[in-house]
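Participant: Please find entry.cif (mmCIF, C-alpha atoms) on the next line:
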data_run
#
loop_
_atom_site.group_PDB
_atom_site.id
_atom_site.type_symbol
_atom_site.label_atom_id
_atom_site.label_comp_id
_atom_site.auth_asym_id
_atom_site.auth_seq_id
_atom_site.Cartn_x
_atom_site.Cartn_y
_atom_site.Cartn_z
ATOM 1 C CA PRO A 1 -100.612 20.142 91.530
ATOM 2 C CA PHE A 2 -99.169 19.099 94.882
ATOM 3 C CA TYR A 3 -101.543 19.421 97.817
ATOM 4 C CA ARG A 4 -100.090 19.542 101.308
ATOM 5 C CA ARG A 5 -101.883 17.904 104.183
ATOM 6 C CA HIS A 6 -103.208 20.253 106.844
ATOM 7 C CA THR A 7 -101.365 20.078 110.122
ATOM 8 C CA PRO A 8 -103.522 19.101 113.111
ATOM 9 C CA TYR A 9 -104.549 22.014 115.320
ATOM 10 C CA MET A 10 -105.886 22.285 118.815
ATOM 11 C CA VAL A 11 -109.557 23.072 119.378
ATOM 12 C CA GLN A 12 -110.180 26.470 120.912
ATOM 13 C CA PRO A 13 -111.195 26.310 124.596
ATOM 14 C CA GLU A 14 -114.396 28.283 123.975
ATOM 15 C CA TYR A 15 -115.405 25.719 121.380
ATOM 16 C CA ARG A 16 -115.289 23.062 124.094
ATOM 17 C CA ILE A 17 -117.918 25.048 126.003
ATOM 18 C CA TYR A 18 -119.967 25.163 122.809
ATOM 19 C CA GLU A 19 -119.693 21.377 122.541
ATOM 20 C CA MET A 20 -120.724 21.030 126.174
ATOM 21 C CA ASN A 21 -123.801 23.181 125.556
ATOM 22 C CA LYS A 22 -124.783 20.972 122.616
ATOM 23 C CA ARG A 23 -124.352 17.858 124.726
ATOM 24 C CA LEU A 24 -126.564 19.315 127.471
ATOM 25 C CA GLN A 25 -129.231 20.149 124.902
ATOM 26 C CA SER A 26 -129.226 16.528 123.713
ATOM 27 C CA ARG A 27 -130.261 15.387 127.183
ATOM 28 C CA THR A 28 -133.620 13.674 127.445
ATOM 29 C CA GLU A 29 -135.938 12.835 130.309
ATOM 30 C CA ASP A 30 -134.663 9.259 130.160
ATOM 31 C CA SER A 31 -131.025 10.263 130.745
ATOM 32 C CA ASP A 32 -129.804 8.203 133.681
ATOM 33 C CA ASN A 33 -126.649 8.219 135.808
ATOM 34 C CA LEU A 34 -124.673 6.484 133.068
ATOM 35 C CA TRP A 35 -125.431 9.333 130.680
ATOM 36 C CA TRP A 36 -124.269 11.909 133.205
ATOM 37 C CA ASP A 37 -121.109 9.920 133.965
ATOM 38 C CA ALA A 38 -120.328 9.808 130.242
ATOM 39 C CA PHE A 39 -120.958 13.558 130.034
ATOM 40 C CA ALA A 40 -118.546 14.268 132.892
ATOM 41 C CA THR A 41 -115.933 11.897 131.459
ATOM 42 C CA GLU A 42 -116.027 13.703 128.117
ATOM 43 C CA PHE A 43 -115.561 17.216 129.462
ATOM 44 C CA PHE A 44 -113.864 16.847 132.877
ATOM 45 C CA GLU A 45 -110.552 15.340 133.945
ATOM 46 C CA ASP A 46 -110.434 12.438 136.391
ATOM 47 C CA ASP A 47 -109.117 14.740 139.143
ATOM 48 C CA ALA A 48 -111.219 17.765 138.184
ATOM 49 C CA THR A 49 -112.803 20.096 140.729
ATOM 50 C CA LEU A 50 -115.839 22.369 140.393
ATOM 51 C CA THR A 51 -116.189 25.440 142.624
ATOM 52 C CA LEU A 52 -119.155 27.770 143.030
ATOM 53 C CA SER A 53 -118.921 31.055 144.937
ATOM 54 C CA PHE A 54 -121.901 33.296 145.674
ATOM 55 C CA CYS A 55 -123.497 35.304 148.438
ATOM 56 C CA LEU A 56 -126.822 34.441 150.068
ATOM 57 C CA GLU A 57 -128.849 36.220 152.722
ATOM 58 C CA ASP A 58 -126.827 34.613 155.510
ATOM 59 C CA GLY A 59 -123.420 35.444 154.045
ATOM 60 C CA PRO A 60 -120.937 34.347 151.338
ATOM 61 C CA LYS A 61 -120.824 30.700 150.305
ATOM 62 C CA ARG A 62 -118.156 28.638 148.571
ATOM 63 C CA TYR A 63 -118.619 25.002 147.568
ATOM 64 C CA THR A 64 -115.981 22.780 145.951
ATOM 65 C CA ILE A 65 -116.785 19.275 144.732
ATOM 66 C CA GLY A 66 -114.603 16.588 143.167
ATOM 67 C CA ARG A 67 -114.896 14.633 139.967
ATOM 68 C CA THR A 68 -117.172 11.902 141.354
ATOM 69 C CA LEU A 69 -119.783 14.460 142.456
ATOM 70 C CA ILE A 70 -119.773 16.612 139.296
ATOM 71 C CA PRO A 71 -122.251 14.473 137.274
ATOM 72 C CA ARG A 72 -124.796 14.645 140.059
ATOM 73 C CA TYR A 73 -124.414 18.420 140.260
ATOM 74 C CA PHE A 74 -125.475 18.929 136.639
ATOM 75 C CA SER A 75 -128.347 16.480 136.985
ATOM 76 C CA THR A 76 -129.737 18.343 140.020
ATOM 77 C CA VAL A 77 -130.028 21.475 137.868
ATOM 78 C CA PHE A 78 -132.554 19.720 135.636
ATOM 79 C CA GLU A 79 -134.288 18.011 138.557
ATOM 80 C CA GLY A 80 -135.164 21.451 139.894
ATOM 81 C CA GLY A 81 -137.441 22.189 136.941
ATOM 82 C CA VAL A 82 -134.886 23.342 134.370
ATOM 83 C CA THR A 83 -135.500 22.251 130.785
ATOM 84 C CA ASP A 84 -132.510 23.935 129.144
ATOM 85 C CA LEU A 85 -129.024 24.946 130.332
ATOM 86 C CA TYR A 86 -126.177 26.629 128.460
ATOM 87 C CA TYR A 87 -123.248 28.962 129.099
ATOM 88 C CA ILE A 88 -122.342 32.165 127.232
ATOM 89 C CA LEU A 89 -118.766 33.476 127.344
ATOM 90 C CA LYS A 90 -118.010 37.058 126.270
ATOM 91 C CA HIS A 91 -114.589 38.699 125.958
ATOM 92 C CA SER A 92 -112.739 35.808 127.557
ATOM 93 C CA LYS A 93 -108.950 35.843 127.933
ATOM 94 C CA GLU A 94 -106.803 32.811 127.252
ATOM 95 C CA SER A 95 -103.351 32.085 128.636
ATOM 96 C CA TYR A 96 -101.266 29.098 127.553
ATOM 97 C CA HIS A 97 -98.957 27.201 129.886
ATOM 98 C CA ASN A 98 -96.816 24.100 129.548
ATOM 99 C CA SER A 99 -99.532 21.565 130.336
ATOM 100 C CA SER A 100 -102.727 23.627 130.642
ATOM 101 C CA ILE A 101 -104.784 26.444 129.128
ATOM 102 C CA THR A 102 -106.532 28.960 131.372
ATOM 103 C CA VAL A 103 -109.677 30.774 130.242
ATOM 104 C CA ASP A 104 -110.758 33.787 132.285
ATOM 105 C CA CYS A 105 -114.172 35.181 131.374
ATOM 106 C CA ASP A 106 -115.375 38.121 133.440
ATOM 107 C CA GLN A 107 -118.695 38.297 131.556
ATOM 108 C CA CYS A 108 -120.052 34.772 131.740
ATOM 109 C CA ALA A 109 -123.767 34.017 131.792
ATOM 110 C CA MET A 110 -125.391 30.761 132.827
ATOM 111 C CA VAL A 111 -128.815 30.681 131.195
ATOM 112 C CA THR A 112 -131.478 28.288 132.466
ATOM 113 C CA GLN A 113 -134.993 27.843 131.120
ATOM 114 C CA HIS A 114 -137.481 26.780 133.793
ATOM 115 C CA GLY A 115 -140.712 24.981 132.972
ATOM 116 C CA LYS A 116 -141.966 24.737 136.555
ATOM 117 C CA PRO A 117 -143.220 26.033 138.864
ATOM 118 C CA MET A 118 -143.723 28.603 136.119
ATOM 119 C CA PHE A 119 -142.221 29.426 132.734
ATOM 120 C CA THR A 120 -139.202 31.592 133.567
ATOM 121 C CA LYS A 121 -135.835 32.360 132.033
ATOM 122 C CA VAL A 122 -133.011 32.915 134.524
ATOM 123 C CA CYS A 123 -129.744 34.641 133.560
ATOM 124 C CA THR A 124 -127.000 34.135 136.142
ATOM 125 C CA GLU A 125 -124.010 36.399 135.531
ATOM 126 C CA GLY A 126 -120.540 36.188 137.001
ATOM 127 C CA ARG A 127 -116.906 35.335 136.397
ATOM 128 C CA LEU A 128 -115.906 31.915 135.103
ATOM 129 C CA ILE A 129 -112.304 30.675 135.297
ATOM 130 C CA LEU A 130 -111.542 27.404 133.522
ATOM 131 C CA GLU A 131 -108.345 25.403 133.323
ATOM 132 C CA PHE A 132 -108.105 22.950 130.417
ATOM 133 C CA THR A 133 -105.497 20.267 129.876
ATOM 134 C CA PHE A 134 -103.205 21.067 126.954
ATOM 135 C CA ASP A 135 -103.727 17.835 125.016
ATOM 136 C CA ASP A 136 -105.964 16.329 122.356
ATOM 137 C CA LEU A 137 -108.891 15.750 124.743
ATOM 138 C CA MET A 138 -108.738 19.254 126.253
ATOM 139 C CA ARG A 139 -110.857 18.417 129.274
ATOM 140 C CA ILE A 140 -111.607 20.743 132.169
ATOM 141 C CA LYS A 141 -109.318 20.429 135.178
ATOM 142 C CA THR A 142 -110.697 23.242 137.355
ATOM 143 C CA TRP A 143 -114.021 25.071 137.094
ATOM 144 C CA HIS A 144 -114.619 28.178 139.237
ATOM 145 C CA PHE A 145 -117.805 30.177 138.760
ATOM 146 C CA THR A 146 -118.256 33.295 140.917
ATOM 147 C CA ILE A 147 -121.857 34.531 140.763
ATOM 148 C CA ARG A 148 -122.378 38.285 140.997
ATOM 149 C CA GLN A 149 -126.031 38.799 140.055
ATOM 150 C CA TYR A 150 -128.989 37.116 138.425
ATOM 151 C CA ARG A 151 -132.224 38.060 136.680
ATOM 152 C CA GLU A 152 -135.475 36.157 136.341
ATOM 153 C CA LEU A 153 -137.444 36.985 133.190
ATOM 154 C CA VAL A 154 -141.160 36.221 132.859
ATOM 155 C CA PRO A 155 -142.842 36.518 129.429
ATOM 156 C CA ARG A 156 -145.329 39.355 129.006
ATOM 157 C CA SER A 157 -147.905 36.944 127.619
ATOM 158 C CA ILE A 158 -148.089 35.107 130.939
ATOM 159 C CA LEU A 159 -148.519 38.374 132.836
ATOM 160 C CA ALA A 160 -151.318 39.469 130.494
ATOM 161 C CA MET A 161 -152.992 36.076 130.847
ATOM 162 C CA HIS A 162 -153.218 36.372 134.632
ATOM 163 C CA ALA A 163 -153.664 40.126 134.898
ATOM 164 C CA GLN A 164 -157.023 39.718 136.648
ATOM 165 C CA ASP A 165 -155.816 37.133 139.167
ATOM 166 C CA PRO A 166 -154.060 38.768 142.123
ATOM 167 C CA GLN A 167 -152.926 35.449 143.602
ATOM 168 C CA VAL A 168 -151.195 34.365 140.417
ATOM 169 C CA LEU A 169 -149.581 37.778 140.011
ATOM 170 C CA ASP A 170 -148.299 37.598 143.557
ATOM 171 C CA GLN A 171 -146.827 34.201 142.846
ATOM 172 C CA LEU A 172 -145.221 35.459 139.642
ATOM 173 C CA SER A 173 -143.571 38.294 141.533
ATOM 174 C CA LYS A 174 -141.633 35.861 143.793
ATOM 175 C CA ASN A 175 -138.261 34.492 142.804
ATOM 176 C CA ILE A 176 -138.003 30.817 141.994
ATOM 177 C CA THR A 177 -134.210 30.648 142.480
ATOM 178 C CA ARG A 178 -131.600 31.917 144.918
ATOM 179 C CA MET A 179 -128.702 33.598 143.129
ATOM 180 C CA GLY A 180 -129.793 31.740 139.997
ATOM 181 C CA LEU A 181 -129.619 28.287 141.633
ATOM 182 C CA THR A 182 -132.578 26.064 142.390
ATOM 183 C CA ASN A 183 -133.268 24.606 145.819
ATOM 184 C CA PHE A 184 -132.348 21.157 144.476
ATOM 185 C CA THR A 185 -128.876 22.372 143.542
ATOM 186 C CA LEU A 186 -128.360 24.288 146.789
ATOM 187 C CA ASN A 187 -129.375 21.321 148.903
ATOM 188 C CA TYR A 188 -127.023 19.090 146.942
ATOM 189 C CA LEU A 189 -124.118 21.512 147.447
ATOM 190 C CA ARG A 190 -124.784 21.516 151.188
ATOM 191 C CA LEU A 191 -124.833 17.732 151.122
ATOM 192 C CA CYS A 192 -121.507 17.700 149.254
ATOM 193 C CA VAL A 193 -119.882 19.339 152.278
ATOM 194 C CA ILE A 194 -120.466 15.992 153.998
ATOM 195 C CA LEU A 195 -120.003 13.740 150.967
ATOM 196 C CA GLU A 196 -116.696 15.173 149.742
ATOM 197 C CA PRO A 197 -114.619 14.072 152.792
ATOM 198 C CA MET A 198 -116.264 10.633 152.610
ATOM 199 C CA GLN A 199 -115.016 9.904 149.077
ATOM 200 C CA GLU A 200 -112.080 7.901 150.439
ATOM 201 C CA LEU A 201 -114.417 5.734 152.524
ATOM 202 C CA MET A 202 -116.747 5.149 149.593
ATOM 203 C CA SER A 203 -113.881 4.242 147.286
ATOM 204 C CA ARG A 204 -112.421 1.793 149.812
ATOM 205 C CA HIS A 205 -115.822 0.207 150.382
ATOM 206 C CA LYS A 206 -116.307 -0.228 146.635
ATOM 207 C CA THR A 207 -112.812 -1.632 146.077
ATOM 208 C CA TYR A 208 -112.404 -3.991 149.044
ATOM 209 C CA ASN A 209 -116.086 -4.632 149.893
ATOM 210 C CA LEU A 210 -115.553 -3.750 153.551
ATOM 211 C CA SER A 211 -118.189 -2.665 156.010
ATOM 212 C CA PRO A 212 -118.481 1.084 156.695
ATOM 213 C CA ARG A 213 -117.036 0.599 160.189
ATOM 214 C CA ASP A 214 -114.030 -1.363 158.861
ATOM 215 C CA CYS A 215 -113.438 1.245 156.147
ATOM 216 C CA LEU A 216 -113.392 3.991 158.753
ATOM 217 C CA LYS A 217 -110.999 2.037 160.987
ATOM 218 C CA THR A 218 -108.643 1.321 158.084
ATOM 219 C CA CYS A 219 -108.571 4.941 156.879
ATOM 220 C CA LEU A 220 -107.990 6.284 160.380
ATOM 221 C CA PHE A 221 -105.231 3.755 161.050
ATOM 222 C CA GLN A 222 -103.426 4.624 157.814
ATOM 223 C CA LYS A 223 -103.667 8.355 158.513
ATOM 224 C CA TRP A 224 -102.363 7.744 162.040
ATOM 225 C CA GLN A 225 -99.418 5.812 160.601
ATOM 226 C CA ARG A 226 -98.585 8.664 158.232
ATOM 227 C CA MET A 227 -98.684 11.153 161.086
ATOM 228 C CA VAL A 228 -96.612 9.111 163.552
ATOM 229 C CA ALA A 229 -94.053 7.601 161.165
ATOM 230 C CA PRO A 230 -93.669 9.834 158.124
ATOM 231 C CA PRO A 231 -91.426 8.541 155.327
ATOM 232 C CA ALA A 232 -87.765 9.235 156.101
ATOM 233 C CA GLU A 233 -85.746 11.284 153.684
ATOM 234 C CA PRO A 234 -82.815 9.561 151.969
ATOM 235 C CA THR A 235 -79.597 9.957 153.984
ATOM 236 C CA ARG A 236 -76.689 11.740 152.387
ATOM 237 C CA GLN A 237 -73.330 10.031 152.132
ATOM 238 C CA PRO A 238 -70.521 11.746 154.056
ATOM 239 C CA THR A 239 -68.131 13.687 151.894
ATOM 240 C CA THR A 240 -64.390 13.817 152.642
ATOM 241 C CA LYS A 241 -61.811 16.247 151.361
ATOM 242 C CA ARG A 242 -58.646 14.928 149.807
ATOM 243 C CA ARG A 243 -55.279 16.234 150.920
ATOM 244 C CA LYS A 244 -53.734 18.509 148.351
ATOM 245 C CA ARG A 245 -49.984 18.910 148.010
ATOM 246 C CA LYS A 246 -48.285 21.846 146.411
ATOM 247 C CA ASN A 247 -45.230 19.947 145.150
ATOM 248 C CA SER A 248 -45.332 20.875 141.518
ATOM 249 C CA THR A 249 -42.320 23.173 141.895
ATOM 250 C CA SER A 250 -40.195 20.570 143.720
ATOM 251 C CA SER A 251 -41.032 17.782 141.287
ATOM 252 C CA THR A 252 -40.142 19.990 138.338
ATOM 253 C CA SER A 253 -36.827 20.939 139.924
ATOM 254 C CA ASN A 254 -36.073 17.317 140.756
ATOM 255 C CA SER A 255 -36.685 16.182 137.192
ATOM 256 C CA SER A 256 -34.532 18.979 135.763
ATOM 257 C CA ALA A 257 -31.733 18.165 138.194
ATOM 258 C CA GLY A 258 -31.905 14.488 137.232
ATOM 259 C CA ASN A 259 -31.659 15.286 133.567
ATOM 260 C CA THR A 260 -28.567 17.466 134.205
ATOM 261 C CA ALA A 261 -26.860 14.711 136.161
ATOM 262 C CA ASN A 262 -27.477 12.136 133.438
ATOM 263 C CA SER A 263 -26.159 14.394 130.697
ATOM 264 C CA THR A 264 -22.845 15.073 132.435
ATOM 265 C CA GLY A 265 -22.039 11.354 132.504
ATOM 266 C CA SER A 266 -18.795 10.671 134.396
ATOM 267 C CA LYS A 267 -18.203 14.300 135.242
ATOM 268 C CA LYS A 268 -17.886 15.129 138.903
ATOM 269 C CA LYS A 269 -21.093 16.615 140.352
ATOM 270 C CA THR A 270 -20.717 20.169 141.509
ATOM 271 C CA PRO A 271 -21.940 21.167 144.978
ATOM 272 C CA ALA A 272 -24.584 23.330 143.339
ATOM 273 C CA ALA A 273 -26.036 20.319 141.549
ATOM 274 C CA ASN A 274 -26.370 18.480 144.827
ATOM 275 C CA LEU A 275 -28.556 21.253 146.185
ATOM 276 C CA SER A 276 -32.267 20.566 145.696
ATOM 277 C CA LEU A 277 -34.748 23.370 145.173
ATOM 278 C CA SER A 278 -37.149 21.512 147.409
ATOM 279 C CA SER A 279 -34.945 22.258 150.364
ATOM 280 C CA GLN A 280 -35.125 25.929 149.556
ATOM 281 C CA VAL A 281 -38.866 26.204 148.834
ATOM 282 C CA PRO A 282 -40.957 25.002 151.805
ATOM 283 C CA ILE A 283 -43.923 22.766 150.999
ATOM 284 C CA ALA A 284 -47.201 24.144 152.251
ATOM 285 C CA SER A 285 -49.184 21.581 154.138
ATOM 286 C CA ILE A 286 -52.947 21.566 154.421
ATOM 287 C CA ALA A 287 -54.440 20.258 157.614
ATOM 288 C CA ARG A 288 -57.111 17.629 157.059
ATOM 289 C CA SER A 289 -60.500 18.591 158.345
ATOM 290 C CA PRO A 290 -62.762 15.553 158.321
ATOM 291 C CA VAL A 291 -66.359 16.292 157.396
ATOM 292 C CA SER A 292 -68.971 13.835 158.483
ATOM 293 C CA GLY A 293 -72.330 13.725 156.764
ATOM 294 C CA CYS A 294 -75.446 13.917 158.909
ATOM 295 C CA ALA A 295 -78.955 12.618 158.100
ATOM 296 C CA LEU A 296 -81.847 15.006 158.433
ATOM 297 C CA ARG A 297 -84.159 14.174 161.276
ATOM 298 C CA THR A 298 -87.690 14.002 160.159
#
Give the structure from the file, written as structure tokens.

Facilitator:
Amino acid sequence: PFYRRHTPYMVQPEYRIYEMNKRLQSRTEDSDNLWWDAFATEFFEDDATLTLSFCLEDGPKRYTIGRTLIPRYFSTVFEGGVTDLYYILKHSKESYHNSSITVDCDQCAMVTQHGKPMFTKVCTEGRLILEFTFDDLMRIKTWHFTIRQYRELVPRSILAMHAQDPQVLDQLSKNITRMGLTNFTLNYLRLCVILEPMQELMSRHKTYNLSPRDCLKTCLFQKWQRMVAPPAEPTRQPTTKRRKRKNSTSSTSNSSAGNTANSTGSKKKTPAANLSLSSQVPIASIARSPVSGCALRT
């Protein structure tokens, strides 16, 4: 029998989230910055962005970080006492484009298991919108998680264990997160507001080994150059109109008259043959209107 080879198929976007959950579960206490960089390289594009939107006591918040700050974001989640992190997507909608795949999940849950300060399970619910690249790697290009609500779950066994201790019960009744995020993560997001604009300075310092002051001077000078002397647009060549002549009728009459004269030979030309149709039909003339091209002023 003849067996055909299976055609390669793209991995479903939700399966990539499943793979990311497995990779997060394989994290150990010894996982360093190199491990987190490898994690971000596997699941995020080089120009990826991660956005978190939620509402605190002092108003709505929105934080957007770039690719270089994404590994540190995930590591701060575990530094805040989390031992396990995974995402659950329910009833997500997928839309395919030319170069990307968009996943819109209105019922997404970020589940974190906390070991300290007390054993607590936190379920953070919201809307997650992901944009994947439409290629073999299928990495995340944009990540936007809008948090709506969260719940902190404490096991009944712990409550029964400290039922006679009012101080412990009072401590158990207090939340250990804010909108499902630890203080470590919130402080890092506030710090990213300052770090994100400084990515260009850090990259220049790492590439050219310049001092922070020289990096700042160089970046400011280049931005000033772009503002003062923007790149000029290519000039267009002037177009000119050619003069058109409506002499098709006269040329046809001249050729027919010439053929008649040659065919008669030595016969005497009649006065009618000497008359040209061009003298009877006026030639319409078109006035030339020069058009000069002009370059756009930038």

Participant: Just so the selection is clear, what residues does the PyMOL selection byres ((chain A and resi 85) around 8) cover here, as a VMD selection string?

Facilitator: chain A and resid 21 24 to 25 82 to 84 86 to 87 110 to 113

Participant: Please write as a PyMOL selection string the list of polymer residues whose atoms come within 10 Å of (-143.5, 28.6, 139.2), counting all atoms listed in the file and keeping to the coordinates of the file.

Facilitator: chain A and resi 81+114-120+168+171-176

Participant: Looking at A:Asp106, A:Asp165, A:Asp214, A:Glu45, which one is nearest to A:Lys141, with distances taken over all atoms listed in the file?

Facilitator: A:Glu45

Participant: Evaluated on this file, the PyMOL selection byres ((chain A and resi 197) around 12) picks out some residues - which ones are they, written as a PDB file with C-alpha atoms, keeping the file's coordinate frame?

Facilitator:
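Generated file (selection_0.pdb):
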ATOM      1  CA  THR A  64    -115.981  22.780 145.951  1.00  0.00           C
ATOM      2  CA  ILE A  65    -116.785  19.275 144.732  1.00  0.00           C
ATOM      3  CA  GLY A  66    -114.603  16.588 143.167  1.00  0.00           C
ATOM      4  CA  THR A  68    -117.172  11.902 141.354  1.00  0.00           C
ATOM      5  CA  LEU A  69    -119.783  14.460 142.456  1.00  0.00           C
ATOM      6  CA  LEU A 191    -124.833  17.732 151.122  1.00  0.00           C
ATOM      7  CA  CYS A 192    -121.507  17.700 149.254  1.00  0.00           C
ATOM      8  CA  VAL A 193    -119.882  19.339 152.278  1.00  0.00           C
ATOM      9  CA  ILE A 194    -120.466  15.992 153.998  1.00  0.00           C
ATOM     10  CA  LEU A 195    -120.003  13.740 150.967  1.00  0.00           C
ATOM     11  CA  GLU A 196    -116.696  15.173 149.742  1.00  0.00           C
ATOM     12  CA  MET A 198    -116.264  10.633 152.610  1.00  0.00           C
ATOM     13  CA  GLN A 199    -115.016   9.904 149.077  1.00  0.00           C
ATOM     14  CA  GLU A 200    -112.080   7.901 150.439  1.00  0.00           C
ATOM     15  CA  LEU A 201    -114.417   5.734 152.524  1.00  0.00           C
ATOM     16  CA  MET A 202    -116.747   5.149 149.593  1.00  0.00           C
ATOM     17  CA  SER A 203    -113.881   4.242 147.286  1.00  0.00           C
ATOM     18  CA  LEU A 216    -113.392   3.991 158.753  1.00  0.00           C
ATOM     19  CA  CYS A 219    -108.571   4.941 156.879  1.00  0.00           C
TER      20      CYS A 219
END

Participant: When you draw a straight line from atom CA of A:His91 to atom CA of A:Arg16, how long is it in Å?

Facilitator: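 Going from atom CA of A:His91 over to atom CA of A:Arg16, I get 15.8 Å.
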
Participant: I need the residue nearest A:His144 from this list: A:Tyr63, A:Trp36, A:Phe43, A:Tyr18. Use only C-alpha atoms for the distance.

Facilitator: A:Tyr63

Participant: Could you jot down the atom CA of A:Asp135 to atom CA of A:Thr49 separation for me, Å, one decimal place?

Facilitator: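 Atom-to-atom, atom CA of A:Asp135 to atom CA of A:Thr49, that is 18.3 Å.
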
Participant: As a PDB file with C-alpha atoms, in the coordinates of the input, please: the residues near stretch 27-32 of chain A (cut-off 10 Å, only C-alpha atoms, same-chain neighbours under 5 positions excluded).

Facilitator:
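Final file, part-v5.pdb:
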ATOM      1  CA  LYS A  22    -124.783  20.972 122.616  1.00  0.00           C
ATOM      2  CA  ASP A  37    -121.109   9.920 133.965  1.00  0.00           C
ATOM      3  CA  PHE A  39    -120.958  13.558 130.034  1.00  0.00           C
ATOM      4  CA  SER A  75    -128.347  16.480 136.985  1.00  0.00           C
ATOM      5  CA  PHE A  78    -132.554  19.720 135.636  1.00  0.00           C
ATOM      6  CA  GLU A  79    -134.288  18.011 138.557  1.00  0.00           C
ATOM      7  CA  THR A  83    -135.500  22.251 130.785  1.00  0.00           C
ATOM      8  CA  ASP A  84    -132.510  23.935 129.144  1.00  0.00           C
TER       9      ASP A  84
END

Participant: Distance atom CA of A:Phe74-atom CA of A:Gln149, one decimal place?

Facilitator: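 Here the two named atoms are 20.2 Å from each other.
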
Participant: Excluding same-chain residues fewer than 4 positions from A:Thr218, what lies within 12 Å of it counting all atoms listed in the file, as a PDB file with C-alpha atoms, in the coordinates of the input?

Facilitator:
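And here is the file that came out, selection-v7.pdb:
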ATOM      1  CA  GLU A 200    -112.080   7.901 150.439  1.00  0.00           C
ATOM      2  CA  LEU A 201    -114.417   5.734 152.524  1.00  0.00           C
ATOM      3  CA  ARG A 204    -112.421   1.793 149.812  1.00  0.00           C
ATOM      4  CA  HIS A 205    -115.822   0.207 150.382  1.00  0.00           C
ATOM      5  CA  TYR A 208    -112.404  -3.991 149.044  1.00  0.00           C
ATOM      6  CA  LEU A 210    -115.553  -3.750 153.551  1.00  0.00           C
ATOM      7  CA  SER A 211    -118.189  -2.665 156.010  1.00  0.00           C
ATOM      8  CA  PRO A 212    -118.481   1.084 156.695  1.00  0.00           C
ATOM      9  CA  ARG A 213    -117.036   0.599 160.189  1.00  0.00           C
ATOM     10  CA  ASP A 214    -114.030  -1.363 158.861  1.00  0.00           C
ATOM     11  CA  GLN A 222    -103.426   4.624 157.814  1.00  0.00           C
ATOM     12  CA  LYS A 223    -103.667   8.355 158.513  1.00  0.00           C
ATOM     13  CA  TRP A 224    -102.363   7.744 162.040  1.00  0.00           C
ATOM     14  CA  GLN A 225     -99.418   5.812 160.601  1.00  0.00           C
TER      15      GLN A 225
END

Participant: Hey, what's within 12 Å of A:Arg139 if we count all atoms listed in the file and toss same-chain stuff fewer than 4 positions away? As a count of residues only, please?

Facilitator: 31

Participant: What does the PyMOL selection byres ((chain A and resi 150-162) around 6) select in this file, as a count of residues only?

Facilitator: 12

Participant: For stretch 106-143 of chain A in the structure I just supplied, write out C-alpha atoms - as a PDB file, in the first residue's frame.

Facilitator:
ATOM      1  CA  ASP A 106     -12.802  37.272  27.286  1.00  0.00           C
ATOM      2  CA  GLN A 107     -12.674  34.600  30.015  1.00  0.00           C
ATOM      3  CA  CYS A 108      -8.997  34.300  30.845  1.00  0.00           C
ATOM      4  CA  ALA A 109      -7.755  33.360  34.301  1.00  0.00           C
ATOM      5  CA  MET A 110      -4.247  33.821  35.640  1.00  0.00           C
ATOM      6  CA  VAL A 111      -3.835  31.356  38.494  1.00  0.00           C
ATOM      7  CA  THR A 112      -1.025  31.807  41.012  1.00  0.00           C
ATOM      8  CA  GLN A 113      -0.219  29.582  43.972  1.00  0.00           C
ATOM      9  CA  HIS A 114       1.354  31.479  46.869  1.00  0.00           C
ATOM     10  CA  GLY A 115       3.499  29.786  49.491  1.00  0.00           C
ATOM     11  CA  LYS A 116       4.165  32.911  51.556  1.00  0.00           C
ATOM     12  CA  PRO A 117       3.215  34.861  53.526  1.00  0.00           C
ATOM     13  CA  MET A 118       0.543  32.173  53.693  1.00  0.00           C
ATOM     14  CA  PHE A 119      -0.713  29.325  51.525  1.00  0.00           C
ATOM     15  CA  THR A 120      -3.192  30.988  49.162  1.00  0.00           C
ATOM     16  CA  LYS A 121      -4.508  30.407  45.667  1.00  0.00           C
ATOM     17  CA  VAL A 122      -5.249  33.563  43.672  1.00  0.00           C
ATOM     18  CA  CYS A 123      -7.456  33.541  40.557  1.00  0.00           C
ATOM     19  CA  THR A 124      -7.132  36.726  38.506  1.00  0.00           C
ATOM     20  CA  GLU A 125      -9.809  36.991  35.822  1.00  0.00           C
ATOM     21  CA  GLY A 126      -9.952  39.301  32.841  1.00  0.00           C
ATOM     22  CA  ARG A 127      -9.632  39.629  29.088  1.00  0.00           C
ATOM     23  CA  LEU A 128      -6.477  38.517  27.306  1.00  0.00           C
ATOM     24  CA  ILE A 129      -5.712  39.592  23.727  1.00  0.00           C
ATOM     25  CA  LEU A 130      -2.707  37.960  22.074  1.00  0.00           C
ATOM     26  CA  GLU A 131      -1.165  38.524  18.672  1.00  0.00           C
ATOM     27  CA  PHE A 132       1.018  35.694  17.354  1.00  0.00           C
ATOM     28  CA  THR A 133       3.287  35.750  14.331  1.00  0.00           C
ATOM     29  CA  PHE A 134       1.983  33.552  11.520  1.00  0.00           C
ATOM     30  CA  ASP A 135       5.108  31.431  11.060  1.00  0.00           C
ATOM     31  CA  ASP A 136       6.700  28.230  12.312  1.00  0.00           C
ATOM     32  CA  LEU A 137       7.831  29.755  15.628  1.00  0.00           C
ATOM     33  CA  MET A 138       4.456  31.377  16.373  1.00  0.00           C
ATOM     34  CA  ARG A 139       5.781  33.715  19.037  1.00  0.00           C
ATOM     35  CA  ILE A 140       3.790  36.398  20.822  1.00  0.00           C
ATOM     36  CA  LYS A 141       4.015  39.884  19.343  1.00  0.00           C
ATOM     37  CA  THR A 142       1.573  41.729  21.621  1.00  0.00           C
ATOM     38  CA  TRP A 143       0.184  40.682  25.003  1.00  0.00           C
TER      39      TRP A 143
END
